[in-house]
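Undergrad: Next up is a structure, given as structure tokens.
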Amino acid sequence: MGYRVTTLNVNAIEPAGSTLTIGASGDTVVATDSVNVNTVKDAGGNTLWVSNGSGTLSSVSSGFGDALKLISTTTISASSSTVDITSGIDNTYEAYLFKLYRIIVSTGDKIFGFQVNASGQSGFNEPITSTHFQAQHNEANNYATLNYVTAADQTDGTDYQTTFAGLNGVSTAADECANGWLYLFNPSDTTYVKNFYATISSNNAGNSNDPSAWNGFTAGRIETTSAITEISFKMSSGTIDGGIIKMYGVA
């Protein structure tokens, strides 16, 4: 006489040997609630992804795309005249994305910018040709503008490139900060110059039409065919007092 078990309630199922087999070949195993594992493999034994048990994935199969790969996180917890990223930019990716979160500064009405070093170089002074325009709308709702800023562009210039806050700088009010992103394309290419563009939003309190919201739009090219390996961010005066800069590789 045989018995059919319709419900099996246990706290743990362990293999008699080293392998626990659930279902016979060709069967479909259905989980009505959840299956909790850290490593997931396909039928061929290929790893699809690995979790550290806290939701952070590694060894993710390239079949999933993995469009953004976090390479580094720079947390600014003390006043810094410059924030330099000197590793992680190489030929692994065709593009690199820098996300800027909650950037706060020591001195108002100053300009936030970036520069780079080519491989083997120092000083963050590569030649840049660029364009910059900005939008502004004040809190009083009586002033709005969209204009090109000639003082923020460069023609083979070696200054730090303005990326946001127009020419009136970032506000130092306690509840205000700046956020945005910067793309750098093909930094390891040794045939072509390197293109970039950025979009940054900030608050401002630098002239009679402020306080207001600003959005800066910057694009250009770094006029070198040498590989770019380092990037630096800084204010035109004063320090960067807080924020986070995350660098991603873009697949």
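Residue names in the structure tokens use chain letters A, B, ... in the order shown, residue numbers from 1 in each chain, and ligand numbers from 1 in the order shown.
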Mind checking which residues fall within 12 Å of segment 14-25 of chain A, counting only C-alpha atoms, ignoring those fewer than 5 positions away in the same chain, and posting them as a ChimeraX atom specification?

TA: /A:30-31,43

Undergrad: Applying 7 Å and only C-alpha atoms, which residues near Met235 of chain A remain after dropping the ones on its own chain fewer than 2 positions away? List them as an MDAnalysis selection string.

TA: chainID A and resid 110:113 237:240

Undergrad: Restricting the calculation to only C-alpha atoms, which member of A:Ser51, A:Thr158, A:Asn38, A:Ser106 is positioned closest to Thr129 of chain A?

TA: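 Once distances to Thr129 of chain A are computed over only C-alpha atoms, the minimum belongs to A:Thr158.
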
Undergrad: List every residue of segment 48-151 of chain A that DSSP, applied to the backbone of this structure, assigns to strand (DSSP E), and report them as a PyMOL selection string.

TA: chain A and resi 48-51+57-58+68-76+82-85+95-105+112-118+128-138+144-148

Undergrad: Please tabulate, as a tab-separated table, the residues of segment 45-124 of chain A that come within 12 Å of segment 208-225 of chain A, each with its closest pair of atoms and the distance in Å to one decimal, counting only C-alpha atoms and ordering rows by chain, then residue number upward.

TA:
residue	atom	partner	partner_atom	distance
A:Asp109	CA	A:Asp210	CA	11.5
A:Ile111	CA	A:Gly216	CA	11.3
A:Phe112	CA	A:Gly216	CA	10.8
A:Gly113	CA	A:Thr218	CA	10.4
A:Phe114	CA	A:Thr218	CA	11.2
A:Gln115	CA	A:Ile222	CA	9.2
A:Val116	CA	A:Ile222	CA	8.5
A:Asn117	CA	A:Ile222	CA	10.1
A:Ala118	CA	A:Thr224	CA	7.9
A:Ser119	CA	A:Thr225	CA	10.4
A:Gln121	CA	A:Thr224	CA	11.8
A:Phe124	CA	A:Ile222	CA	11.6

Undergrad: Smallest atom-to-atom distance to Gly157 of chain A: which of A:Asn203, A:Trp181, A:Gly45, A:Ser130, using only C-alpha atoms?

TA: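 Residue with the minimum atom-to-atom distance to Gly157 of chain A: A:Ser130.
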